[in-house]
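One file, my_file_14.cif, carrying mmCIF, C-alpha atoms and all ligand atoms:
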data_entry
#
loop_
_atom_site.label_atom_id
_atom_site.label_comp_id
_atom_site.auth_asym_id
_atom_site.auth_seq_id
_atom_site.Cartn_x
_atom_site.Cartn_y
_atom_site.Cartn_z
CA MET Z 1 -28.02 -66.07 -52.18
CA ARG Z 2 -27.08 -62.79 -50.51
CA LEU Z 3 -23.40 -63.33 -49.75
CA LEU Z 4 -21.05 -61.17 -47.70
CA VAL Z 5 -17.46 -61.54 -48.92
CA THR Z 6 -14.90 -59.92 -46.64
CA GLY Z 7 -11.48 -58.96 -47.99
CA GLY Z 8 -12.85 -59.04 -51.54
CA CYS Z 9 -10.40 -56.35 -52.69
CA GLY Z 10 -7.40 -58.54 -51.90
CA PHE Z 11 -5.80 -61.13 -54.15
CA ILE Z 12 -7.97 -64.21 -53.59
CA GLY Z 13 -11.11 -62.22 -52.76
CA THR Z 14 -10.93 -60.36 -56.09
CA ASN Z 15 -10.60 -63.59 -58.06
CA PHE Z 16 -13.41 -65.14 -56.01
CA VAL Z 17 -15.81 -62.25 -56.71
CA TYR Z 18 -15.12 -62.40 -60.47
CA LEU Z 19 -15.57 -66.16 -60.55
CA MET Z 20 -18.76 -66.19 -58.49
CA GLN Z 21 -20.28 -63.37 -60.59
CA GLU Z 22 -19.64 -65.48 -63.66
CA ARG Z 23 -20.87 -68.75 -62.18
CA HIS Z 24 -23.76 -67.45 -60.06
CA PRO Z 25 -25.14 -64.25 -61.62
CA ASP Z 26 -28.20 -64.64 -59.39
CA TRP Z 27 -26.13 -64.23 -56.21
CA GLU Z 28 -25.96 -60.80 -54.63
CA ILE Z 29 -22.40 -60.17 -53.45
CA ILE Z 30 -21.58 -57.54 -50.84
CA ASN Z 31 -17.84 -56.97 -50.58
CA LEU Z 32 -16.72 -55.62 -47.19
CA ASP Z 33 -13.10 -54.50 -47.15
CA LYS Z 34 -11.00 -52.21 -44.97
CA LEU Z 35 -8.71 -51.43 -47.92
CA THR Z 36 -5.39 -51.97 -46.16
CA TYR Z 37 -2.23 -51.72 -48.28
CA ALA Z 38 -3.27 -55.11 -49.75
CA GLY Z 39 -6.81 -54.11 -50.69
CA ASN Z 40 -7.37 -52.46 -54.04
CA ARG Z 41 -10.93 -51.43 -54.87
CA LYS Z 42 -9.84 -50.73 -58.43
CA ASN Z 43 -9.49 -54.51 -58.96
CA LEU Z 44 -13.27 -54.81 -59.17
CA LEU Z 45 -13.96 -51.52 -60.91
CA SER Z 46 -15.22 -53.23 -64.05
CA ILE Z 47 -18.02 -54.76 -61.97
CA GLU Z 48 -18.74 -51.52 -60.10
CA ASN Z 49 -18.83 -49.56 -63.35
CA ASN Z 50 -21.59 -51.81 -64.62
CA ASN Z 51 -23.72 -50.61 -61.70
CA ALA Z 52 -24.61 -54.25 -61.30
CA ALA Z 53 -27.50 -54.77 -58.92
CA ASN Z 54 -25.86 -57.98 -57.78
CA TYR Z 55 -22.66 -56.37 -56.43
CA SER Z 56 -21.92 -53.70 -53.88
CA PHE Z 57 -18.87 -52.54 -51.98
CA VAL Z 58 -18.83 -51.45 -48.35
CA HIS Z 59 -15.74 -49.90 -46.82
CA GLY Z 60 -15.09 -51.03 -43.27
CA ASP Z 61 -13.34 -53.21 -40.74
CA ILE Z 62 -14.33 -56.72 -39.67
CA CYS Z 63 -13.29 -55.70 -36.13
CA ASP Z 64 -16.07 -53.06 -36.00
CA LYS Z 65 -19.07 -54.71 -34.36
CA GLU Z 66 -21.65 -52.05 -35.09
CA PHE Z 67 -20.58 -51.66 -38.69
CA VAL Z 68 -20.54 -55.41 -39.36
CA SER Z 69 -23.91 -55.98 -37.67
CA ASN Z 70 -25.48 -53.11 -39.61
CA THR Z 71 -24.08 -54.44 -42.88
CA LEU Z 72 -25.45 -57.93 -42.22
CA GLU Z 73 -28.85 -56.50 -41.37
CA GLU Z 74 -29.07 -53.86 -44.09
CA HIS Z 75 -28.18 -56.31 -46.86
CA LYS Z 76 -30.13 -59.22 -45.36
CA ILE Z 77 -27.03 -61.38 -45.62
CA GLU Z 78 -27.59 -65.15 -45.73
CA ALA Z 79 -23.99 -66.41 -45.91
CA VAL Z 80 -20.48 -65.11 -45.25
CA VAL Z 81 -17.07 -65.96 -46.71
CA ASN Z 82 -14.24 -64.47 -44.66
CA PHE Z 83 -11.11 -63.75 -46.70
CA ALA Z 84 -10.20 -60.59 -44.74
CA ALA Z 85 -6.82 -60.97 -43.11
CA GLU Z 86 -3.29 -59.75 -42.75
CA SER Z 87 -1.70 -62.37 -44.96
CA HIS Z 88 2.06 -61.89 -45.29
CA VAL Z 89 4.36 -63.98 -43.08
CA ASP Z 90 7.32 -61.56 -43.27
CA ARG Z 91 5.15 -58.64 -42.14
CA SER Z 92 3.90 -60.75 -39.21
CA ILE Z 93 7.50 -61.34 -38.16
CA ASN Z 94 8.22 -57.61 -38.24
CA ASP Z 95 5.03 -56.68 -36.37
CA PRO Z 96 2.61 -59.37 -35.13
CA ALA Z 97 0.02 -57.00 -33.56
CA PRO Z 98 -2.16 -56.25 -36.62
CA PHE Z 99 -2.30 -59.99 -37.31
CA LEU Z 100 -3.81 -60.65 -33.89
CA THR Z 101 -6.26 -57.78 -34.31
CA THR Z 102 -7.67 -58.72 -37.70
CA ASN Z 103 -7.02 -62.45 -37.96
CA ILE Z 104 -8.17 -63.37 -34.46
CA CYS Z 105 -10.31 -60.57 -33.00
CA GLY Z 106 -11.74 -59.57 -36.38
CA ALA Z 107 -12.62 -63.15 -37.27
CA GLN Z 108 -14.27 -63.65 -33.87
CA ASN Z 109 -16.20 -60.40 -34.22
CA LEU Z 110 -17.42 -61.41 -37.66
CA MET Z 111 -18.55 -64.81 -36.37
CA GLU Z 112 -20.28 -63.23 -33.37
CA CYS Z 113 -22.16 -60.71 -35.52
CA ALA Z 114 -23.09 -63.47 -37.98
CA ARG Z 115 -24.27 -65.69 -35.13
CA GLN Z 116 -26.45 -62.93 -33.74
CA ALA Z 117 -27.84 -62.27 -37.21
CA GLY Z 118 -28.74 -65.96 -37.66
CA ILE Z 119 -26.52 -66.45 -40.72
CA GLU Z 120 -27.10 -69.79 -42.47
CA LYS Z 121 -23.53 -70.51 -43.59
CA PHE Z 122 -20.11 -69.10 -42.74
CA VAL Z 123 -16.91 -70.13 -44.53
CA HIS Z 124 -13.74 -69.17 -42.72
CA VAL Z 125 -10.77 -69.12 -45.10
CA SER Z 126 -7.69 -70.44 -43.34
CA THR Z 127 -4.37 -71.83 -44.51
CA ASP Z 128 -2.16 -74.92 -44.60
CA GLU Z 129 0.36 -73.00 -42.48
CA VAL Z 130 -1.69 -73.75 -39.33
CA TYR Z 131 -0.29 -77.32 -39.48
CA GLY Z 132 3.32 -76.16 -39.18
CA SER Z 133 6.07 -77.69 -41.26
CA LEU Z 134 6.67 -81.11 -42.86
CA GLY Z 135 9.90 -83.07 -43.17
CA MET Z 136 10.94 -84.16 -46.67
CA ASN Z 137 9.57 -87.68 -46.26
CA ASP Z 138 6.47 -86.91 -44.19
CA PRO Z 139 3.06 -87.62 -45.67
CA ALA Z 140 1.08 -84.56 -46.74
CA PHE Z 141 -1.05 -82.74 -44.15
CA THR Z 142 -4.52 -84.16 -43.53
CA GLU Z 143 -7.28 -82.44 -41.56
CA ASN Z 144 -6.29 -84.68 -38.62
CA ASN Z 145 -2.83 -83.17 -38.27
CA PRO Z 146 -2.40 -81.14 -35.08
CA LEU Z 147 -2.25 -77.35 -35.38
CA GLU Z 148 1.42 -76.44 -34.88
CA PRO Z 149 1.87 -72.95 -36.34
CA ASN Z 150 5.35 -71.45 -36.41
CA SER Z 151 4.96 -67.80 -37.44
CA PRO Z 152 2.88 -65.02 -35.87
CA TYR Z 153 0.78 -65.11 -39.07
CA SER Z 154 0.06 -68.84 -38.88
CA ALA Z 155 -0.48 -68.68 -35.10
CA SER Z 156 -3.10 -65.99 -35.67
CA LYS Z 157 -4.82 -68.10 -38.36
CA ALA Z 158 -4.72 -71.22 -36.14
CA SER Z 159 -6.24 -69.21 -33.28
CA ALA Z 160 -9.15 -68.20 -35.50
CA ASP Z 161 -9.60 -71.84 -36.58
CA LEU Z 162 -9.88 -72.83 -32.91
CA MET Z 163 -12.37 -70.02 -32.31
CA ALA Z 164 -14.42 -71.25 -35.28
CA ARG Z 165 -14.39 -74.74 -33.79
CA ALA Z 166 -15.51 -73.31 -30.45
CA TYR Z 167 -18.34 -71.40 -32.15
CA PHE Z 168 -19.54 -74.61 -33.77
CA GLU Z 169 -19.26 -76.71 -30.60
CA THR Z 170 -20.68 -74.07 -28.26
CA TYR Z 171 -23.33 -72.36 -30.34
CA ASN Z 172 -23.85 -74.82 -33.19
CA PHE Z 173 -22.71 -71.95 -35.42
CA PRO Z 174 -22.68 -73.17 -39.07
CA VAL Z 175 -19.02 -72.52 -39.83
CA SER Z 176 -16.76 -74.56 -42.10
CA ILE Z 177 -13.03 -73.92 -42.44
CA THR Z 178 -10.92 -74.10 -45.60
CA ARG Z 179 -7.17 -74.67 -45.43
CA CYS Z 180 -5.34 -74.13 -48.68
CA SER Z 181 -1.76 -74.15 -49.87
CA ASN Z 182 0.12 -71.33 -51.66
CA ASN Z 183 -2.01 -69.53 -54.23
CA TYR Z 184 -0.75 -67.74 -57.31
CA GLY Z 185 -2.49 -65.92 -60.16
CA PRO Z 186 -3.73 -62.45 -61.19
CA TYR Z 187 -3.95 -59.54 -58.69
CA GLN Z 188 -1.46 -60.94 -56.17
CA PHE Z 189 0.34 -58.18 -54.28
CA PRO Z 190 4.00 -58.13 -55.35
CA GLU Z 191 5.36 -58.91 -51.88
CA LYS Z 192 4.60 -62.64 -52.33
CA LEU Z 193 7.15 -64.89 -54.03
CA ILE Z 194 5.84 -65.18 -57.61
CA PRO Z 195 4.79 -61.57 -58.33
CA LEU Z 196 7.81 -60.31 -56.36
CA MET Z 197 10.23 -62.33 -58.47
CA TYR Z 198 8.42 -61.37 -61.70
CA THR Z 199 8.62 -57.68 -60.75
CA LYS Z 200 12.30 -57.91 -59.90
CA VAL Z 201 13.09 -59.71 -63.15
CA ILE Z 202 11.45 -57.01 -65.26
CA THR Z 203 13.11 -54.22 -63.29
CA GLY Z 204 16.49 -56.00 -63.39
CA GLU Z 205 16.80 -56.27 -59.61
CA GLN Z 206 18.39 -59.12 -57.64
CA LEU Z 207 16.07 -62.04 -56.80
CA PRO Z 208 16.30 -62.65 -53.03
CA ILE Z 209 16.08 -66.35 -52.16
CA TYR Z 210 15.75 -66.98 -48.43
CA GLY Z 211 18.28 -69.48 -47.06
CA ASP Z 212 19.32 -72.07 -49.62
CA GLY Z 213 16.04 -72.06 -51.58
CA SER Z 214 15.21 -75.64 -50.62
CA ASN Z 215 11.93 -74.82 -48.86
CA ILE Z 216 8.97 -76.47 -50.54
CA ARG Z 217 5.52 -75.02 -51.18
CA ASP Z 218 2.53 -76.68 -52.85
CA TRP Z 219 1.29 -74.21 -55.48
CA ILE Z 220 -2.37 -73.91 -56.46
CA TYR Z 221 -3.82 -71.66 -59.14
CA VAL Z 222 -6.10 -69.16 -57.41
CA ASP Z 223 -9.26 -70.18 -59.32
CA ASP Z 224 -8.91 -73.72 -57.99
CA HIS Z 225 -8.78 -72.43 -54.42
CA CYS Z 226 -11.83 -70.24 -55.16
CA THR Z 227 -13.64 -73.34 -56.42
CA GLY Z 228 -12.76 -75.08 -53.15
CA VAL Z 229 -14.25 -72.19 -51.19
CA GLU Z 230 -17.35 -72.20 -53.41
CA LEU Z 231 -17.81 -75.96 -52.87
CA THR Z 232 -17.39 -75.51 -49.12
CA LEU Z 233 -20.02 -72.77 -49.16
CA LEU Z 234 -22.43 -74.97 -51.08
CA LYS Z 235 -21.72 -78.41 -49.65
CA GLY Z 236 -19.36 -78.16 -46.66
CA GLN Z 237 -20.41 -79.66 -43.35
CA PRO Z 238 -20.64 -77.24 -40.41
CA GLY Z 239 -17.87 -77.78 -37.88
CA ARG Z 240 -15.53 -79.33 -40.46
CA ALA Z 241 -12.24 -78.22 -41.98
CA TYR Z 242 -11.31 -79.01 -45.60
CA ASN Z 243 -7.82 -79.11 -47.07
CA PHE Z 244 -7.16 -77.83 -50.60
CA GLY Z 245 -3.93 -78.12 -52.56
CA GLY Z 246 -2.58 -77.95 -56.07
CA ALA Z 247 -0.55 -81.19 -56.18
CA ALA Z 248 2.43 -79.10 -57.30
CA GLU Z 249 5.23 -79.24 -54.76
CA LYS Z 250 8.30 -77.23 -55.73
CA THR Z 251 11.34 -75.87 -53.99
CA ASN Z 252 11.56 -72.10 -54.14
CA LEU Z 253 14.68 -72.44 -56.27
CA GLU Z 254 12.93 -74.73 -58.77
CA LEU Z 255 10.08 -72.27 -59.01
CA VAL Z 256 12.35 -69.29 -59.65
CA HIS Z 257 14.26 -71.25 -62.30
CA GLU Z 258 10.97 -72.05 -64.07
CA LEU Z 259 9.96 -68.40 -63.94
CA LEU Z 260 13.30 -67.32 -65.37
CA ALA Z 261 13.04 -69.92 -68.15
CA ILE Z 262 9.58 -68.67 -69.17
CA LEU Z 263 10.84 -65.08 -69.17
CA GLY Z 264 13.94 -66.10 -71.15
CA LYS Z 265 16.35 -64.84 -68.48
CA ASP Z 266 19.42 -66.47 -67.00
CA GLU Z 267 20.08 -67.15 -63.31
CA SER Z 268 22.58 -64.38 -62.68
CA LEU Z 269 20.04 -62.26 -60.79
CA ILE Z 270 19.49 -64.94 -58.11
CA THR Z 271 20.96 -63.96 -54.79
CA TYR Z 272 20.84 -65.91 -51.53
CA VAL Z 273 19.82 -63.81 -48.53
CA THR Z 274 19.41 -64.39 -44.79
CA ASP Z 275 16.72 -66.96 -44.10
CA ARG Z 276 13.26 -66.07 -42.77
CA PRO Z 277 13.21 -66.76 -38.99
CA GLY Z 278 11.22 -69.94 -38.24
CA HIS Z 279 10.99 -70.64 -41.98
CA ASP Z 280 8.71 -73.66 -42.54
CA GLN Z 281 10.57 -76.25 -44.63
CA ARG Z 282 7.74 -77.90 -46.49
CA TYR Z 283 3.98 -77.76 -47.03
CA ALA Z 284 2.00 -80.43 -48.88
CA MET Z 285 -1.73 -80.99 -48.79
CA ASP Z 286 -3.75 -84.18 -48.77
CA TYR Z 287 -7.13 -83.04 -50.11
CA ALA Z 288 -8.77 -86.49 -50.30
CA VAL Z 289 -11.61 -85.40 -47.98
CA ALA Z 290 -12.49 -82.44 -50.20
CA GLU Z 291 -12.23 -84.70 -53.24
CA LYS Z 292 -14.61 -87.26 -51.76
CA GLU Z 293 -17.10 -85.01 -49.96
CA LEU Z 294 -17.10 -81.88 -52.11
CA GLY Z 295 -15.99 -83.15 -55.52
CA PHE Z 296 -12.88 -80.93 -55.48
CA ALA Z 297 -9.85 -81.47 -57.73
CA PRO Z 298 -7.32 -78.88 -58.90
CA SER Z 299 -7.93 -78.27 -62.60
CA VAL Z 300 -4.95 -76.11 -63.57
CA THR Z 301 -1.46 -77.62 -63.68
CA PHE Z 302 1.45 -75.53 -62.47
CA GLU Z 303 2.81 -75.34 -66.02
CA GLN Z 304 -0.50 -73.91 -67.29
CA GLY Z 305 -1.08 -71.68 -64.29
CA ILE Z 306 2.32 -70.05 -64.21
CA LYS Z 307 2.12 -69.18 -67.91
CA LYS Z 308 -1.37 -67.68 -67.46
CA THR Z 309 -0.15 -65.74 -64.44
CA ILE Z 310 2.91 -64.31 -66.16
CA LYS Z 311 0.80 -63.34 -69.17
CA TRP Z 312 -1.64 -61.56 -66.86
CA TYR Z 313 1.16 -59.54 -65.27
CA GLN Z 314 2.61 -58.76 -68.70
CA ASP Z 315 -0.80 -57.63 -69.97
CA ASN Z 316 -1.51 -55.63 -66.80
CA GLY Z 317 1.70 -53.65 -66.38
CA GLN Z 318 -0.29 -50.60 -65.30
CA TRP Z 319 -1.88 -52.54 -62.42
CA LEU Z 320 1.56 -53.56 -61.20
CA GLU Z 321 2.89 -50.03 -61.65
CA ASP Z 322 -0.06 -48.55 -59.68
CA VAL Z 323 0.41 -51.02 -56.87
CA ARG Z 324 4.16 -50.56 -56.70
CA SER Z 325 3.99 -46.78 -56.78
CA GLY Z 326 1.02 -46.58 -54.41
CA ALA Z 327 -1.02 -44.77 -57.08
CA TYR Z 328 -3.94 -47.06 -56.36
CA ARG Z 329 -4.08 -45.57 -52.88
CA GLU Z 330 -4.18 -42.03 -54.25
CA PHE Z 331 -7.10 -43.11 -56.41
CA MET Z 332 -8.87 -44.45 -53.35
CA ASN Z 333 -8.06 -41.34 -51.30
CA GLU Z 334 -9.83 -39.26 -53.93
CA TRP Z 335 -12.74 -41.60 -53.59
CA TYR Z 336 -12.99 -41.51 -49.81
CA GLY Z 337 -11.32 -38.32 -48.68
CA ASP Z 338 -11.26 -38.45 -44.89
CA ARG Z 339 -12.89 -41.87 -44.73
CA LYS Z 340 -9.85 -43.80 -45.97
P1 LIG Z 401 -4.50 -60.26 -49.26
O1 LIG Z 401 -3.54 -59.74 -48.27
O2 LIG Z 401 -4.20 -60.14 -50.72
O3 LIG Z 401 -5.94 -59.58 -49.04
C1 LIG Z 401 -6.48 -59.39 -47.77
C2 LIG Z 401 -7.69 -58.47 -47.93
O4 LIG Z 401 -8.30 -58.31 -46.63
C3 LIG Z 401 -7.35 -57.05 -48.41
O5 LIG Z 401 -8.28 -56.63 -49.37
C4 LIG Z 401 -7.46 -56.21 -47.15
O6 LIG Z 401 -7.79 -54.85 -47.42
C5 LIG Z 401 -8.56 -56.93 -46.40
N1 LIG Z 401 -8.51 -56.70 -44.94
C6 LIG Z 401 -7.43 -56.78 -44.13
N2 LIG Z 401 -7.78 -56.49 -42.87
C7 LIG Z 401 -9.12 -56.24 -42.89
C8 LIG Z 401 -10.07 -55.89 -41.88
N3 LIG Z 401 -9.69 -55.74 -40.60
N4 LIG Z 401 -11.35 -55.71 -42.23
C9 LIG Z 401 -11.74 -55.85 -43.53
N5 LIG Z 401 -10.87 -56.15 -44.53
C10 LIG Z 401 -9.59 -56.35 -44.20
O7 LIG Z 401 -4.75 -61.78 -48.87
P2 LIG Z 401 -5.01 -63.05 -49.80
O8 LIG Z 401 -3.72 -63.61 -50.23
O9 LIG Z 401 -6.04 -62.71 -50.78
O10 LIG Z 401 -5.61 -64.05 -48.70
C11 LIG Z 401 -7.00 -64.08 -48.42
C12 LIG Z 401 -7.25 -65.10 -47.33
O11 LIG Z 401 -6.83 -66.38 -47.76
C13 LIG Z 401 -6.52 -64.83 -46.03
O12 LIG Z 401 -7.35 -65.15 -44.96
C14 LIG Z 401 -5.32 -65.76 -46.06
O13 LIG Z 401 -4.93 -66.12 -44.76
C15 LIG Z 401 -5.91 -66.94 -46.82
N6 LIG Z 401 -4.96 -67.75 -47.59
C16 LIG Z 401 -4.11 -67.17 -48.48
C17 LIG Z 401 -3.28 -67.98 -49.25
C18 LIG Z 401 -2.32 -67.39 -50.25
O14 LIG Z 401 -1.50 -68.12 -50.79
N7 LIG Z 401 -2.38 -66.10 -50.55
C19 LIG Z 401 -3.31 -69.36 -49.09
C20 LIG Z 401 -4.20 -69.92 -48.17
C21 LIG Z 401 -5.02 -69.11 -47.44
O1 LIG Z 402 0.72 -71.67 -47.64
C1 LIG Z 402 -0.28 -70.71 -47.67
C2 LIG Z 402 0.32 -69.35 -47.36
O2 LIG Z 402 1.13 -69.01 -48.49
C3 LIG Z 402 -0.71 -68.28 -47.08
O3 LIG Z 402 -1.42 -68.62 -45.92
C4 LIG Z 402 -0.04 -66.92 -46.91
O4 LIG Z 402 -1.03 -65.91 -46.78
C5 LIG Z 402 0.77 -66.64 -48.15
O5 LIG Z 402 1.47 -65.41 -48.00
C6 LIG Z 402 1.78 -67.76 -48.41
O6 LIG Z 402 2.79 -67.79 -47.38
P1 LIG Z 402 4.34 -68.08 -47.74
O7 LIG Z 402 5.16 -67.52 -46.66
O8 LIG Z 402 4.53 -69.50 -48.11
O9 LIG Z 402 4.45 -67.20 -49.10
P2 LIG Z 402 5.58 -66.20 -49.62
O10 LIG Z 402 5.19 -65.86 -51.02
O11 LIG Z 402 5.84 -65.08 -48.68
O12 LIG Z 402 6.87 -67.13 -49.66
C7 LIG Z 402 6.89 -68.33 -50.40
C8 LIG Z 402 8.24 -68.99 -50.19
O13 LIG Z 402 9.24 -68.18 -50.82
C9 LIG Z 402 8.64 -69.11 -48.74
O14 LIG Z 402 9.36 -70.32 -48.56
C10 LIG Z 402 9.58 -67.93 -48.51
C11 LIG Z 402 10.23 -67.76 -49.87
N1 LIG Z 402 10.62 -66.38 -50.22
C12 LIG Z 402 9.65 -65.42 -50.14
C13 LIG Z 402 9.95 -64.12 -50.48
C14 LIG Z 402 8.89 -63.04 -50.37
C15 LIG Z 402 11.89 -66.11 -50.68
O15 LIG Z 402 12.76 -67.00 -50.78
N2 LIG Z 402 12.19 -64.81 -51.03
C16 LIG Z 402 11.27 -63.80 -50.94
O16 LIG Z 402 11.61 -62.64 -51.25
#
So that I can check it, write out the structure of this file as structure tokens.
Ligand code: NAD
Ligand code: DAU
Amino acid sequence: MRLLVTGGCGFIGTNFVYLMQERHPDWEIINLDKLTYAGNRKNLLSIENNNAANYSFVHGDICDKEFVSNTLEEHKIEAVVNFAAESHVDRSINDPAPFLTTNICGAQNLMECARQAGIEKFVHVSTDEVYGSLGMNDPAFTENNPLEPNSPYSASKASADLMARAYFETYNFPVSITRCSNNYGPYQFPEKLIPLMYTKVITGEQLPIYGDGSNIRDWIYVDDHCTGVELTLLKGQPGRAYNFGGAAEKTNLELVHELLAILGKDESLITYVTDRPGHDQRYAMDYAVAEKELGFAPSVTFEQGIKKTIKWYQDNGQWLEDVRSGAYREFMNEWYGDRK
């Protein structure tokens, strides 16, 4: 399969490319990424350095019609997985505009170019946040829950989901949607809860907990989400959405306590800060449809996954240092010069 992966230099995209290279060495993967602050081409350098015939990187924007169409044509792309997005809720609260541009207009542009190119399969990677927030005793989200997003980020993702639905209904465009809960694992940008807290622990900074720390997230190890996307690509029905989750609900405070315990630190660094506006209280995913139709089940428990993740960050201190200092951008500037 000749597969276009967008946003492959981000957290989940990087893990997906590594996993698919390992599982499907016969696939040709073309990674299209704009390299925003969250995209790090160095993540996949070990593959690029092999000069592998089954991997190539193209630098560009999913909003750019001509560029996307040319890429699809030049590489004779058969299927697309769209990870490219602005992904951080707090940034969307500070400035929603780039979220609308990439997450809505970019996703639509990508679908339109793919439709015109006659692509056989398109997986649009969405999120559980499109469903809004659960009360403590509510059942987990199913695919039948209404879309009730609460942040500019989740509203932009829900808008793209509706556009994907419209593309299926109107044009019979072969798009399936994945909606997953909170991922964690290697290569996650240290603005998200787990790598942020890890970084602050090792630098001895205060650990900012929003509100009272009672908000609940369902944590999934990134490889399990990637498997869900892979299964959707291979077996997902066009026009359908699939939920994925890790069956690991935790309050933010519980999670930070577990992290501190693994790192052998006490709780004195925890500090309660002003809550995130519109902070969703709880996410939980019912992934019975994906279990039944795709054969999905999370394979990594939170206890295993968090230890693996911490070990990765400990073993990859230079990666974290590069990302925190922005050195990875200097490296890419050298690479691209004016094209960055
Ligand atoms: P990320 O922020 O780590 O990576 C996003 C990537 O997209 C970066 O490489 C960035 O350079 C690229 N990108 C951004 N705008 C682009 C554009 N206009 N054109 C081309 N590339 C562009 O994000 P992530 O955490 O890896 O998330 C990937 C996808 O999965 C997103 O769509 C996100 O909504 C979804 N998702 C994330 C999680 C999670 O917990 N992180 C959970 C569920 C769903
Ligand atoms: O649920 C899937 C979503 O998970 C994805 O769609 C998003 O792309 C991804 O960023 C993530 O969104 P969250 O907002 O849940 O993740 P974040 O890591 O930003 O925050 C997790 C929880 O931790 C949330 O309740 C807010 C809280 N938090 C976060 C930060 C950064 C804190 O208490 N302190 C912090 O400093």
| query | Looking at all atoms listed in the file, which of Z:Glu258, Z:Asp266, Z:Asp223, Z:Asp275 is the one that sits closest to ligand LIG 401 (chain Z)? | reply |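 When distances to ligand LIG 401 (chain Z) are compared using all atoms listed in the file, the smallest one comes from Z:Asp223.
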| task | Kindly provide, as a PyMOL selection string, the polymer residues lying within 12 Å of (-5.1, -72.1, -59.8), counting all atoms listed in the file and using the coordinates exactly as they appear in the file. | result | chain Z and resi 12+15-16+180-186+218-228+244-248+297-309
| Hey, which residues come within 7 Å of ligand LIG 402 (chain Z) if we count all atoms listed in the file? Could you give them as a PyMOL selection string? | chain Z and resi 87-90+127-129+180-183+191-194+196+208-210+213+215-217+252+279-280+283
| query | Of the residues Z:Glu148, Z:Arg276, Z:Asn43, Z:Leu231, which is the one nearest to Z:Gln318, using all atoms listed in the file? | reply | Z:Asn43
| field | Counting all atoms listed in the file, the residue of Z:His59, Z:Arg240, Z:Lys65, Z:His124 that sits nearest Z:Glu143 | value |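 The closest residue to Z:Glu143 is Z:Arg240.
The gap separating atom CA of Z:Asp64 from atom CA of Z:Ser176 is 22.4 Å, in Å to one decimal.
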| message | If I take atom CA of Z:Tyr313 and atom CA of Z:Pro190, how far is one from the other in Å, to one decimal? | response |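 It comes out at 10.4 Å.
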| task | Just give me the gap between atom CA of Z:Lys121 and atom CA of Z:Ile177 in Å, one decimal is fine. | result |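 Separation between atom CA of Z:Lys121 and atom CA of Z:Ile177: 11.1 Å.
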